$ cat my_file.cif   # mmCIF, C-alpha atoms
data_work
loop_
_atom_site.label_atom_id
_atom_site.label_comp_id
_atom_site.auth_asym_id
_atom_site.auth_seq_id
_atom_site.Cartn_x
_atom_site.Cartn_y
_atom_site.Cartn_z
CA MET Y 5 3.62 12.12 -22.96
CA ASN Y 6 2.87 11.94 -19.26
CA ARG Y 7 0.17 14.42 -18.35
CA ARG Y 8 -0.29 15.02 -14.65
CA ARG Y 9 -3.76 14.47 -13.18
CA THR Y 10 -5.63 17.36 -11.65
CA PRO Y 11 -7.97 16.64 -8.72
CA TYR Y 12 -10.84 14.45 -9.86
CA PRO Y 13 -13.74 16.54 -11.17
CA VAL Y 14 -17.36 15.48 -11.24
CA ALA Y 15 -17.98 14.44 -14.82
CA VAL Y 16 -20.18 16.81 -16.78
CA GLY Y 17 -20.76 16.37 -20.49
CA VAL Y 18 -18.21 13.58 -20.67
CA SER Y 19 -19.34 12.39 -24.08
CA VAL Y 20 -18.30 15.75 -25.55
CA LEU Y 21 -15.13 15.79 -23.48
CA ALA Y 22 -14.21 12.35 -24.78
CA VAL Y 23 -14.03 13.60 -28.34
CA ALA Y 24 -11.92 16.59 -27.33
CA LEU Y 25 -9.52 14.53 -25.27
CA LEU Y 26 -9.02 11.86 -27.88
CA ALA Y 27 -8.20 14.54 -30.42
CA GLY Y 28 -6.18 16.77 -28.11
CA CYS Y 29 -3.84 14.22 -26.55
CA THR Y 30 -2.70 12.58 -29.79
CA ALA Y 31 -0.27 13.42 -32.50
CA SER Y 32 -2.13 14.08 -35.75
CA THR Y 33 -1.56 14.50 -39.46
CA ASP Y 34 -2.31 17.93 -40.90
CA ASP Y 35 -5.76 16.98 -42.18
CA GLY Y 36 -6.69 14.87 -39.15
CA THR Y 37 -6.66 11.57 -41.06
CA PRO Y 38 -4.90 8.51 -39.64
CA PRO Y 39 -1.26 8.10 -40.73
CA GLU Y 40 -0.73 5.93 -43.80
CA GLY Y 41 -0.69 2.24 -42.92
CA ALA Y 42 -2.13 2.76 -39.43
CA THR Y 43 -4.34 0.06 -37.95
CA ILE Y 44 -7.82 1.50 -37.52
CA ALA Y 45 -9.54 0.42 -34.32
CA GLN Y 46 -12.84 -1.42 -34.63
CA SER Y 47 -15.75 0.58 -33.25
CA LEU Y 48 -17.62 -1.32 -30.53
CA ARG Y 49 -20.37 -0.65 -28.00
CA PRO Y 50 -21.48 -2.31 -24.76
CA GLU Y 51 -24.56 -4.50 -24.96
CA ILE Y 52 -26.12 -4.54 -21.48
CA VAL Y 53 -26.86 -8.04 -20.20
CA ARG Y 54 -27.96 -7.02 -16.70
CA GLU Y 55 -27.53 -4.35 -14.04
CA LEU Y 56 -26.08 -4.94 -10.58
CA PRO Y 57 -25.96 -2.71 -7.49
CA HIS Y 58 -22.77 -0.78 -6.76
CA ASP Y 59 -21.73 1.20 -3.70
CA PRO Y 60 -22.45 4.86 -4.63
CA ASP Y 61 -19.73 5.97 -2.18
CA ALA Y 62 -17.05 3.86 -3.90
CA PHE Y 63 -14.57 6.05 -5.79
CA THR Y 64 -13.65 3.07 -7.95
CA GLN Y 65 -10.05 2.66 -9.10
CA GLY Y 66 -9.71 -1.07 -9.71
CA LEU Y 67 -12.09 -3.97 -10.36
CA GLU Y 68 -11.32 -7.67 -10.80
CA ILE Y 69 -13.07 -11.04 -10.46
CA SER Y 70 -11.06 -14.08 -9.37
CA ASP Y 71 -12.33 -17.47 -8.21
CA GLY Y 72 -15.81 -16.19 -7.53
CA THR Y 73 -14.63 -13.13 -5.60
CA LEU Y 74 -15.06 -9.55 -6.76
CA TYR Y 75 -12.18 -7.33 -5.69
CA GLU Y 76 -12.56 -3.55 -5.78
CA SER Y 77 -10.20 -0.74 -4.81
CA THR Y 78 -11.05 2.92 -4.28
CA GLY Y 79 -9.23 6.23 -4.07
CA ARG Y 80 -9.11 9.54 -2.19
CA VAL Y 81 -6.95 10.27 0.84
CA GLY Y 82 -8.41 8.85 4.04
CA ARG Y 83 -11.15 7.02 2.10
CA SER Y 84 -9.14 4.50 0.07
CA TRP Y 85 -9.93 0.84 0.66
CA VAL Y 86 -9.83 -2.61 -0.91
CA ARG Y 87 -12.79 -4.95 -0.56
CA ALA Y 88 -13.46 -8.58 -1.45
CA THR Y 89 -17.07 -9.69 -1.91
CA GLU Y 90 -18.77 -12.82 -3.18
CA PHE Y 91 -19.57 -12.11 -6.80
CA ASP Y 92 -22.83 -14.06 -6.78
CA THR Y 93 -24.28 -12.72 -3.51
CA GLY Y 94 -22.43 -9.48 -2.77
CA ALA Y 95 -21.55 -10.68 0.74
CA GLU Y 96 -18.36 -9.04 2.05
CA ARG Y 97 -15.47 -11.42 2.73
CA ALA Y 98 -12.73 -8.96 3.65
CA ARG Y 99 -11.90 -5.28 3.63
CA ALA Y 100 -8.76 -3.24 4.29
CA ASP Y 101 -8.29 0.52 4.50
CA LEU Y 102 -5.24 2.19 3.00
CA MET Y 103 -3.17 4.14 5.49
CA ARG Y 104 -3.10 7.94 5.21
CA PRO Y 105 -1.86 9.87 3.30
CA MET Y 106 -1.81 7.32 0.48
CA PHE Y 107 -4.34 7.52 -2.37
CA GLY Y 108 -5.43 4.12 -3.65
CA GLU Y 109 -5.44 3.16 -7.32
CA GLY Y 110 -5.68 -0.04 -9.39
CA ILE Y 111 -5.48 -3.64 -8.17
CA THR Y 112 -4.93 -7.11 -9.55
CA VAL Y 113 -4.78 -10.67 -8.24
CA VAL Y 114 -1.74 -12.93 -8.76
CA GLY Y 115 -1.70 -16.30 -7.02
CA ASP Y 116 -2.28 -15.66 -3.32
CA THR Y 117 -1.51 -11.93 -3.62
CA VAL Y 118 -3.56 -8.83 -4.37
CA TRP Y 119 -1.33 -6.02 -5.65
CA GLN Y 120 -2.62 -2.49 -4.97
CA LEU Y 121 -1.21 0.70 -6.52
CA THR Y 122 -1.08 4.18 -5.05
CA TRP Y 123 -1.35 7.35 -7.12
CA LYS Y 124 1.56 9.68 -6.28
CA ASP Y 125 3.04 7.80 -3.32
CA GLY Y 126 5.24 5.48 -5.41
CA VAL Y 127 4.16 2.47 -3.33
CA ALA Y 128 2.65 -0.86 -4.36
CA VAL Y 129 1.06 -2.86 -1.55
CA ALA Y 130 1.04 -6.67 -1.65
CA ARG Y 131 -1.92 -8.13 0.28
CA ASP Y 132 -3.08 -11.60 1.19
CA ARG Y 133 -5.89 -12.40 -1.23
CA ASP Y 134 -8.09 -14.01 1.44
CA THR Y 135 -7.76 -11.51 4.31
CA LEU Y 136 -6.42 -8.46 2.42
CA THR Y 137 -3.82 -8.11 5.18
CA GLN Y 138 -0.71 -6.25 4.01
CA LYS Y 139 2.26 -8.55 3.37
CA GLN Y 140 4.78 -6.04 2.04
CA GLN Y 141 5.29 -2.73 0.25
CA VAL Y 142 7.56 -2.07 -2.72
CA ARG Y 143 8.59 1.21 -4.31
CA TYR Y 144 8.21 2.26 -7.94
CA ASP Y 145 8.98 5.42 -9.92
CA GLY Y 146 6.27 7.74 -11.17
CA GLU Y 147 2.51 7.56 -10.71
CA GLY Y 148 0.31 4.48 -10.38
CA TRP Y 149 -3.04 4.33 -12.19
CA GLY Y 150 -4.22 0.92 -13.48
CA LEU Y 151 -3.00 -2.66 -13.02
CA CYS Y 152 -3.84 -6.11 -14.38
CA ALA Y 153 -2.19 -9.51 -14.63
CA GLN Y 154 -1.27 -11.69 -17.59
CA PRO Y 155 0.00 -15.25 -17.06
CA ASP Y 156 3.66 -14.24 -16.76
CA ARG Y 157 3.64 -10.53 -15.99
CA LEU Y 158 1.77 -7.53 -14.64
CA VAL Y 159 0.65 -4.64 -16.85
CA MET Y 160 0.57 -1.15 -15.31
CA SER Y 161 -0.53 2.29 -16.50
CA ASN Y 162 0.61 5.66 -15.16
CA GLY Y 163 -1.58 8.11 -17.08
CA SER Y 164 0.81 8.38 -20.01
CA ASP Y 165 0.61 6.67 -23.41
CA SER Y 166 2.77 3.77 -22.15
CA LEU Y 167 2.04 0.47 -20.46
CA THR Y 168 4.78 -0.93 -18.20
CA PHE Y 169 5.30 -4.66 -17.72
CA ARG Y 170 6.36 -5.84 -14.25
CA ASP Y 171 7.48 -9.02 -12.56
CA PRO Y 172 4.48 -10.45 -10.66
CA ALA Y 173 6.61 -11.47 -7.67
CA THR Y 174 9.03 -8.57 -7.28
CA PHE Y 175 7.15 -5.78 -9.08
CA GLU Y 176 10.34 -4.86 -10.91
CA PRO Y 177 9.82 -3.40 -14.44
CA THR Y 178 10.61 -5.79 -17.29
CA GLY Y 179 9.63 -3.70 -20.33
CA SER Y 180 7.07 -1.33 -21.76
CA VAL Y 181 5.03 -0.56 -24.86
CA ASP Y 182 3.66 2.71 -26.25
CA VAL Y 183 -0.05 2.69 -27.07
CA THR Y 184 -1.51 4.08 -30.29
CA LEU Y 185 -5.06 4.62 -31.48
CA ASP Y 186 -5.52 4.84 -35.25
CA GLY Y 187 -1.78 5.42 -35.58
CA ARG Y 188 -1.53 8.20 -32.99
CA ALA Y 189 -0.26 8.16 -29.42
CA ILE Y 190 -3.07 8.08 -26.86
CA ASP Y 191 -2.48 8.97 -23.21
CA GLN Y 192 -4.60 9.09 -20.03
CA LEU Y 193 -4.65 5.27 -19.95
CA ASN Y 194 -6.20 4.41 -16.60
CA GLU Y 195 -7.89 1.30 -15.15
CA LEU Y 196 -6.81 -1.91 -16.88
CA GLU Y 197 -8.19 -5.41 -17.40
CA CYS Y 198 -6.12 -8.24 -18.85
CA SER Y 199 -8.63 -10.44 -20.66
CA SER Y 200 -8.41 -14.17 -21.32
CA ASP Y 201 -7.91 -13.58 -25.05
CA GLY Y 202 -4.60 -11.81 -24.41
CA PHE Y 203 -5.79 -8.24 -24.95
CA VAL Y 204 -5.63 -5.42 -22.42
CA TYR Y 205 -8.71 -3.25 -21.93
CA ALA Y 206 -8.04 0.31 -20.74
CA ASN Y 207 -10.34 3.10 -19.64
CA VAL Y 208 -9.28 6.45 -21.07
CA TRP Y 209 -9.55 8.80 -18.10
CA GLN Y 210 -12.23 11.53 -18.22
CA THR Y 211 -13.94 9.89 -21.19
CA ASP Y 212 -16.49 7.16 -21.86
CA THR Y 213 -13.96 5.34 -24.03
CA ILE Y 214 -12.49 1.90 -23.38
CA LEU Y 215 -9.66 0.66 -25.62
CA ARG Y 216 -8.90 -2.94 -26.56
CA ILE Y 217 -5.10 -3.05 -26.83
CA ASP Y 218 -2.71 -5.64 -28.26
CA PRO Y 219 0.04 -5.58 -25.61
CA ALA Y 220 2.60 -7.02 -28.02
CA THR Y 221 2.44 -3.94 -30.25
CA GLY Y 222 0.59 -1.31 -28.22
CA VAL Y 223 -1.96 -0.94 -31.02
CA ALA Y 224 -5.56 -0.31 -29.94
CA VAL Y 225 -7.51 -2.74 -32.12
CA GLY Y 226 -10.88 -1.78 -30.66
CA ARG Y 227 -12.48 1.41 -29.37
CA ILE Y 228 -15.59 1.03 -27.20
CA ASP Y 229 -17.97 3.95 -26.75
CA ALA Y 230 -19.49 3.28 -23.32
CA ALA Y 231 -21.52 6.49 -23.09
CA ALA Y 232 -24.72 4.42 -23.17
CA LEU Y 233 -23.91 3.05 -19.71
CA ARG Y 234 -23.94 6.51 -18.18
CA GLU Y 235 -27.21 7.21 -19.98
CA ALA Y 236 -28.68 3.97 -18.58
CA LEU Y 237 -28.21 5.14 -14.98
CA PRO Y 238 -31.57 6.19 -13.48
CA SER Y 239 -31.75 9.98 -13.45
CA GLY Y 240 -32.44 10.06 -9.74
CA GLU Y 241 -29.29 8.04 -9.03
CA SER Y 242 -26.85 9.74 -11.39
CA ARG Y 243 -26.71 13.26 -9.98
CA ASP Y 244 -23.35 12.97 -8.21
CA ILE Y 245 -21.56 10.41 -10.37
CA ASP Y 246 -18.00 10.86 -11.56
CA VAL Y 247 -16.16 9.36 -14.53
CA LEU Y 248 -16.41 5.84 -15.91
CA ASN Y 249 -13.74 3.67 -14.29
CA GLY Y 250 -13.67 -0.01 -13.49
CA ILE Y 251 -13.69 -2.98 -15.85
CA ALA Y 252 -13.45 -6.69 -15.03
CA GLN Y 253 -13.92 -9.72 -17.24
CA ILE Y 254 -16.27 -12.36 -15.87
CA PRO Y 255 -14.07 -15.48 -15.98
CA GLY Y 256 -15.03 -18.12 -18.52
CA THR Y 257 -17.30 -15.76 -20.46
CA ASP Y 258 -17.20 -13.03 -23.09
CA ARG Y 259 -18.82 -10.60 -20.64
CA PHE Y 260 -17.42 -7.80 -18.51
CA LEU Y 261 -18.45 -5.77 -15.49
CA VAL Y 262 -18.16 -2.03 -16.05
CA THR Y 263 -18.83 0.77 -13.56
CA GLY Y 264 -17.59 4.21 -12.57
CA LYS Y 265 -16.55 6.36 -9.64
CA LEU Y 266 -19.53 6.93 -7.35
CA TRP Y 267 -21.83 5.04 -9.72
CA PRO Y 268 -24.83 3.34 -8.05
CA ARG Y 269 -24.83 0.55 -10.64
CA MET Y 270 -22.49 -1.93 -12.30
CA PHE Y 271 -23.29 -3.22 -15.76
CA GLU Y 272 -22.67 -6.71 -17.06
CA VAL Y 273 -22.00 -6.20 -20.76
CA ARG Y 274 -20.77 -7.71 -23.98
CA PHE Y 275 -18.73 -5.61 -26.36
CA VAL Y 276 -20.34 -5.83 -29.78
CA ALA Y 277 -19.96 -4.17 -33.18
#

$ encode --input "my_file.cif" --output "structure tokens"
Amino acid sequence: MNRRRTPYPVAVGVSVLAVALLAGCTASTDDGTPPEGATIAQSLRPEIVRELPHDPDAFTQGLEISDGTLYESTGRVGRSWVRATEFDTGAERARADLMRPMFGEGITVVGDTVWQLTWKDGVAVARDRDTLTQKQQVRYDGEGWGLCAQPDRLVMSNGSDSLTFRDPATFEPTGSVDVTLDGRAIDQLNELECSSDGFVYANVWQTDTILRIDPATGVAVGRIDAAALREALPSGESRDIDVLNGIAQIPGTDRFLVTGKLWPRMFEVRFVA
């Protein structure tokens, strides 16, 4: 299925909404049990290692760490940008605004290029990784949501239950896989992170759920309940936050950065049973 996104709401009661969405956007057996023979996802949670500051005006769409640089992309028309900062110090190295009327989405780094998606504009922007200057634009069909890079291909989401594989140089599609959770199709796949162990991590939009997906089969082998991160935000700083979105592995470690749209904090976490 390919459910269209409505304008982004401020998240209220997302933990309850997560349950409803995960049930409502999947095919189910009559009694609600997983289909016979289905792989059941391991239940995981984020263990907070430390908290880091995050721009509370950043409507986060993509997050990635590469060679000591933290890259972040944001959305909303007229307020979409890509920024590169030093991961250790937070010092800004480069920033580029996305031209109106485009709405920015996910990003990833491949070689000397940062690829940036747009939501409904059907445009991927290739940028120089050091200056973030635009090098070219390419067209694609459908919506753009999340993006990450494996050694030989890009992985892209469009809000459906499918992940599309793309050539990292040309952005041409090379294949796809349908994603299942406990044997059922699961859509609203959003921001992506391709981890060093070969799995793809995906935020499920409008929920506090992150899936750990085997891209060879599309099977979600892990389901992470990240509601505790929202609860860890100081009450005085969490009034205007939106949904969880943004996940980036810290290279060479088993830890990840996780944040959300308009969140004042990022969390360095481990995913544990």

$ closest_residue --input "my_file.cif" --among "Y:Pro105, Y:Pro57, Y:Gly82, Y:Gly187" --to "Y:Leu261" --atoms "all atoms listed in the file"
Y:Pro57

$ atom_distance --input "my_file.cif" --atom1 "atom CA of Y:Pro60" --atom2 "atom CA of Y:Ala252"
18.0 Å

$ residues_around --input "my_file.cif" --residues "Y:Asp132" --least-positions-apart "2" --cutoff "10 Å" --atoms "only C-alpha atoms" --output "PyMOL selection string"
chain Y and resi 113+115-119+130+134-140

$ closest_residue --input "my_file.cif" --among "Y:Ser180, Y:Gln141, Y:Gln253, Y:Thr213" --to "Y:Arg49" --atoms "only C-alpha atoms"
Y:Thr213

$ residues_around --input "my_file.cif" --residues "Y:Ser84" --least-positions-apart "6" --cutoff "10 Å" --atoms "all atoms listed in the file" --output "PyMOL selection string"
chain Y and resi 62-65+77-78+100-109+122

$ atom_distance --input "my_file.cif" --atom1 "atom CA of Y:Gly226" --atom2 "atom CA of Y:Asp201"
13.4 Å

$ residues_around --input "my_file.cif" --residues "stretch 97-99 of chain Y" --least-positions-apart "4" --cutoff "6 Å" --atoms "only C-alpha atoms" --output "ChimeraX atom specification"
/Y:86-89,135

$ resolve_selection --input "my_file.cif" --expression "the PyMOL selection byres ((chain Y and resi 251) around 12)" --output "mmCIF file with C-alpha atoms, in the coordinates of the input"
data_model
loop_
_atom_site.group_PDB
_atom_site.id
_atom_site.type_symbol
_atom_site.label_atom_id
_atom_site.label_comp_id
_atom_site.auth_asym_id
_atom_site.auth_seq_id
_atom_site.Cartn_x
_atom_site.Cartn_y
_atom_site.Cartn_z
ATOM 1 C CA PRO Y 50 -21.480 -2.310 -24.760
ATOM 2 C CA THR Y 64 -13.650 3.070 -7.950
ATOM 3 C CA GLN Y 65 -10.050 2.660 -9.100
ATOM 4 C CA GLY Y 66 -9.710 -1.070 -9.710
ATOM 5 C CA LEU Y 67 -12.090 -3.970 -10.360
ATOM 6 C CA GLU Y 68 -11.320 -7.670 -10.800
ATOM 7 C CA ILE Y 69 -13.070 -11.040 -10.460
ATOM 8 C CA LEU Y 74 -15.060 -9.550 -6.760
ATOM 9 C CA TYR Y 75 -12.180 -7.330 -5.690
ATOM 10 C CA GLU Y 76 -12.560 -3.550 -5.780
ATOM 11 C CA SER Y 77 -10.200 -0.740 -4.810
ATOM 12 C CA GLY Y 110 -5.680 -0.040 -9.390
ATOM 13 C CA ILE Y 111 -5.480 -3.640 -8.170
ATOM 14 C CA THR Y 112 -4.930 -7.110 -9.550
ATOM 15 C CA GLY Y 150 -4.220 0.920 -13.480
ATOM 16 C CA LEU Y 151 -3.000 -2.660 -13.020
ATOM 17 C CA CYS Y 152 -3.840 -6.110 -14.380
ATOM 18 C CA ASN Y 194 -6.200 4.410 -16.600
ATOM 19 C CA GLU Y 195 -7.890 1.300 -15.150
ATOM 20 C CA LEU Y 196 -6.810 -1.910 -16.880
ATOM 21 C CA GLU Y 197 -8.190 -5.410 -17.400
ATOM 22 C CA CYS Y 198 -6.120 -8.240 -18.850
ATOM 23 C CA SER Y 199 -8.630 -10.440 -20.660
ATOM 24 C CA VAL Y 204 -5.630 -5.420 -22.420
ATOM 25 C CA TYR Y 205 -8.710 -3.250 -21.930
ATOM 26 C CA ALA Y 206 -8.040 0.310 -20.740
ATOM 27 C CA ASN Y 207 -10.340 3.100 -19.640
ATOM 28 C CA VAL Y 208 -9.280 6.450 -21.070
ATOM 29 C CA THR Y 213 -13.960 5.340 -24.030
ATOM 30 C CA ILE Y 214 -12.490 1.900 -23.380
ATOM 31 C CA LEU Y 215 -9.660 0.660 -25.620
ATOM 32 C CA ARG Y 216 -8.900 -2.940 -26.560
ATOM 33 C CA ALA Y 230 -19.490 3.280 -23.320
ATOM 34 C CA LEU Y 248 -16.410 5.840 -15.910
ATOM 35 C CA ASN Y 249 -13.740 3.670 -14.290
ATOM 36 C CA GLY Y 250 -13.670 -0.010 -13.490
ATOM 37 C CA ALA Y 252 -13.450 -6.690 -15.030
ATOM 38 C CA GLN Y 253 -13.920 -9.720 -17.240
ATOM 39 C CA ILE Y 254 -16.270 -12.360 -15.870
ATOM 40 C CA ARG Y 259 -18.820 -10.600 -20.640
ATOM 41 C CA PHE Y 260 -17.420 -7.800 -18.510
ATOM 42 C CA LEU Y 261 -18.450 -5.770 -15.490
ATOM 43 C CA VAL Y 262 -18.160 -2.030 -16.050
ATOM 44 C CA THR Y 263 -18.830 0.770 -13.560
ATOM 45 C CA GLY Y 264 -17.590 4.210 -12.570
ATOM 46 C CA LYS Y 265 -16.550 6.360 -9.640
ATOM 47 C CA MET Y 270 -22.490 -1.930 -12.300
ATOM 48 C CA PHE Y 271 -23.290 -3.220 -15.760
ATOM 49 C CA GLU Y 272 -22.670 -6.710 -17.060
ATOM 50 C CA VAL Y 273 -22.000 -6.200 -20.760
ATOM 51 C CA ARG Y 274 -20.770 -7.710 -23.980
ATOM 52 C CA PHE Y 275 -18.730 -5.610 -26.360
#

$ atom_distance --input "my_file.cif" --atom1 "atom CA of Y:Ile217" --atom2 "atom CA of Y:Val129"
26.0 Å

$ residues_near_point --input "my_file.cif" --point "(-14.3, -17.0, -7.5)" --cutoff "9 Å" --atoms "only C-alpha atoms" --output "short mmCIF file (atom, residue, chain, number, x, y, z; two decimals) with C-alpha atoms, in the coordinates of the input"
data_model
loop_
_atom_site.label_atom_id
_atom_site.label_comp_id
_atom_site.auth_asym_id
_atom_site.auth_seq_id
_atom_site.Cartn_x
_atom_site.Cartn_y
_atom_site.Cartn_z
CA ILE Y 69 -13.07 -11.04 -10.46
CA SER Y 70 -11.06 -14.08 -9.37
CA ASP Y 71 -12.33 -17.47 -8.21
CA GLY Y 72 -15.81 -16.19 -7.53
CA THR Y 73 -14.63 -13.13 -5.60
CA LEU Y 74 -15.06 -9.55 -6.76
CA GLU Y 90 -18.77 -12.82 -3.18
CA PHE Y 91 -19.57 -12.11 -6.80
CA PRO Y 255 -14.07 -15.48 -15.98
#

$ closest_residue --input "my_file.cif" --among "Y:Leu237, Y:Ala173, Y:Val114, Y:Val223" --to "Y:His58" --atoms "only C-alpha atoms"
Y:Leu237

$ resolve_selection --input "my_file.cif" --expression "the PyMOL selection byres ((chain Y and resi 155) around 10)" --output "list in words"
Val114, Ala153, Gln154, Asp156, Arg157, Leu158, Pro172, Cys198, Ser200 and Gly202 of chain Y

$ closest_residue --input "my_file.cif" --among "Y:Val247, Y:Leu266, Y:Leu185, Y:Leu193" --to "Y:Pro39" --atoms "only C-alpha atoms"
Y:Leu185

$ resolve_selection --input "my_file.cif" --expression "the PyMOL selection byres ((chain Y and resi 186) around 9)" --output "list in words"
Thr37, Pro38, Pro39, Ala42, Thr43, Ile44, Ala45, Thr184, Leu185, Gly187, Arg188, Ala189, Val223, Ala224 and Val225 of chain Y

$ decode --input "my_file.cif" --residues "stretch 42-55 of chain Y" --atoms "C-alpha atoms" --output "CSV table (one decimal), in the first residue's frame"
chain,number,residue,atom,x,y,z
Y,42,ALA,CA,6.2,-15.8,10.2
Y,43,THR,CA,9.4,-14.5,11.7
Y,44,ILE,CA,8.6,-12.7,14.9
Y,45,ALA,CA,10.5,-9.5,15.5
Y,46,GLN,CA,12.7,-9.2,18.6
Y,47,SER,CA,11.4,-6.6,21.0
Y,48,LEU,CA,14.1,-4.0,21.8
Y,49,ARG,CA,14.4,-0.7,23.6
Y,50,PRO,CA,16.9,2.2,23.5
Y,51,GLU,CA,19.3,2.4,26.4
Y,52,ILE,CA,20.4,6.1,26.7
Y,53,VAL,CA,24.1,6.6,26.8
Y,54,ARG,CA,24.1,10.4,26.8
Y,55,GLU,CA,22.0,13.4,25.7
